[in-house]
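Asks: One structure coming up, written as structure tokens, with questions to follow.
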Amino acid sequence: MRSAVRDGVDNRADDHADGRAGEPPTPSMVRKAVAVLAAFGPRDAECSQAELARRTGIPKPTVHRLVHQLVDCGLLEQSPSGIRLGMRLFELGLLVPRQRNLRDAALPFLRDLHEVTRETVHLAVLDGPGVLYVEKLTGWDGPPLPSRLGGRMPAYCTGVGKALLAYQPTSVVDRIVDAGLVRRTSRTKVEPGVFLRELARVRARGVAFEFGESVPGISCVAAPVLVERGVAVAAVSITGWSSRLNTSRLAPAVRTAALGLSRQLRACP
């Protein structure tokens, strides 16, 4: 679990981050509230306040006060057995205009790919050093994948991530390489030179391939969605079992879908 210091959470007792009645929230208090919300993982239906304190490094009394305030706002919900994320967060997430407009424009293209291939189809955007999945259509009899709607994966070892990174400013790629490429499987490309040459090949052919680099036994073909100045705003992919997914055969279909979505987004006011 990420440390509270790395997440920018200040736990000093004398910073008055908890706030008092009638006082406006301080930046430190806001950071702590965000840390509490971010402490929930994809498998957490509920969490106890003690577990939230452990994950964030925030003192238990402070977590108790923050949870009470977040419940009042609808961002968290209290049940007899624990704390869970509130529906207000879901409502706010749906209002994010960039991702909502991107997803709405992409869905017809994604559904076509899904219907024709019967494999898992993803739409992802770059978010810091990772990719954020904004849509996922699960394939029939496909492999179990760690991707999920609203979930993240490292960019350097995923098909969508490589499709996105190949069309980013050099500074963006350099930050990821400088942070270190961690080996996730025996096939993960962790040598900077090898990885950069792979991105050059993605630019040359217009599609990215992954062969068991993030999850053993799966393959993926992805293509970038380019709107302006040659920078990818999203990527579309098809993922399935390596034993049955013919990435070369599917590459033209994925690239066509990404090009169609690119044109549609450019035409939007």
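Letters A, B, ... go to the chains of the structure tokens in the order shown; residues in each chain start at 1; ligands are counted from 1 in the same order.
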Pick out the residues sitting within 8 Å of segment 242-249 of chain A, and hand them over as a count of residues only; count only C-alpha atoms, and ignore anything fewer than 3 positions along from it in its own chain.
Replies: 10
Asks: Choose the residue, out of A:Tyr167, A:Lys189, A:Arg201, A:Gln49, that has the smallest atom-to-atom separation from Glu228 of chain A; count only C-alpha atoms.
Replies: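 Using only C-alpha atoms, the shortest distance to Glu228 of chain A belongs to A:Tyr167.
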Asks: At a cut-off of 8 Å, using only C-alpha atoms, what residues contact Ala223 of chain A? Leave out same-chain residues fewer than 2 positions from it and give the result as a PyMOL selection string.
Replies: chain A and resi 160+163+206-208+221+225+235-237+254-255+258
Asks: In segment 87-259 of chain A, what's strand (DSSP E) per DSSP? Answer as an mmCIF file with C-alpha atoms, in the first residue's frame?
Replies:
data_model
loop_
_atom_site.group_PDB
_atom_site.id
_atom_site.type_symbol
_atom_site.label_atom_id
_atom_site.label_comp_id
_atom_site.auth_asym_id
_atom_site.auth_seq_id
_atom_site.Cartn_x
_atom_site.Cartn_y
_atom_site.Cartn_z
ATOM 1 C CA THR A 120 -12.439 -8.175 -24.654
ATOM 2 C CA VAL A 121 -12.341 -4.600 -25.945
ATOM 3 C CA HIS A 122 -10.826 -1.702 -23.995
ATOM 4 C CA LEU A 123 -10.815 2.074 -24.226
ATOM 5 C CA ALA A 124 -8.115 3.709 -22.118
ATOM 6 C CA VAL A 125 -6.476 7.082 -21.531
ATOM 7 C CA LEU A 126 -3.080 7.978 -20.120
ATOM 8 C CA ASP A 127 -3.180 9.041 -16.480
ATOM 9 C CA GLY A 130 -0.435 4.408 -16.003
ATOM 10 C CA VAL A 131 -3.493 3.890 -18.137
ATOM 11 C CA LEU A 132 -7.030 4.487 -16.890
ATOM 12 C CA TYR A 133 -9.711 2.256 -18.392
ATOM 13 C CA VAL A 134 -12.789 4.297 -19.281
ATOM 14 C CA GLU A 135 -14.632 1.431 -20.980
ATOM 15 C CA LYS A 136 -14.353 -2.350 -21.046
ATOM 16 C CA LEU A 137 -16.504 -4.813 -22.975
ATOM 17 C CA ARG A 152 -5.434 1.434 -13.755
ATOM 18 C CA MET A 153 -2.506 -0.543 -15.107
ATOM 19 C CA PRO A 154 1.112 0.448 -15.842
ATOM 20 C CA ALA A 208 0.929 -1.678 -30.574
ATOM 21 C CA PHE A 209 1.192 -5.310 -29.586
ATOM 22 C CA GLU A 210 1.492 -6.944 -26.195
ATOM 23 C CA PHE A 211 2.450 -10.574 -25.771
ATOM 24 C CA ILE A 218 -2.656 -12.990 -22.885
ATOM 25 C CA SER A 219 -2.070 -10.972 -26.036
ATOM 26 C CA CYS A 220 -3.339 -7.579 -27.102
ATOM 27 C CA VAL A 221 -3.403 -5.319 -30.142
ATOM 28 C CA ALA A 222 -4.061 -1.604 -29.623
ATOM 29 C CA ALA A 223 -4.209 1.566 -31.698
ATOM 30 C CA PRO A 224 -4.006 5.246 -30.706
ATOM 31 C CA VAL A 225 -6.793 7.786 -31.000
ATOM 32 C CA LEU A 226 -5.143 10.922 -32.424
ATOM 33 C CA VAL A 227 -7.090 14.184 -32.363
ATOM 34 C CA GLU A 228 -4.564 16.970 -32.860
ATOM 35 C CA VAL A 231 -0.748 13.302 -29.524
ATOM 36 C CA ALA A 232 -2.844 10.293 -28.523
ATOM 37 C CA VAL A 233 -5.830 11.161 -26.324
ATOM 38 C CA ALA A 234 -6.920 7.520 -25.945
ATOM 39 C CA ALA A 235 -6.275 4.014 -27.210
ATOM 40 C CA VAL A 236 -8.525 1.166 -28.333
ATOM 41 C CA SER A 237 -7.557 -2.483 -27.915
ATOM 42 C CA ILE A 238 -8.612 -6.097 -28.290
ATOM 43 C CA THR A 239 -7.303 -8.564 -25.686
ATOM 44 C CA GLY A 240 -7.595 -12.345 -25.445
ATOM 45 C CA TRP A 241 -5.807 -15.637 -24.884
#
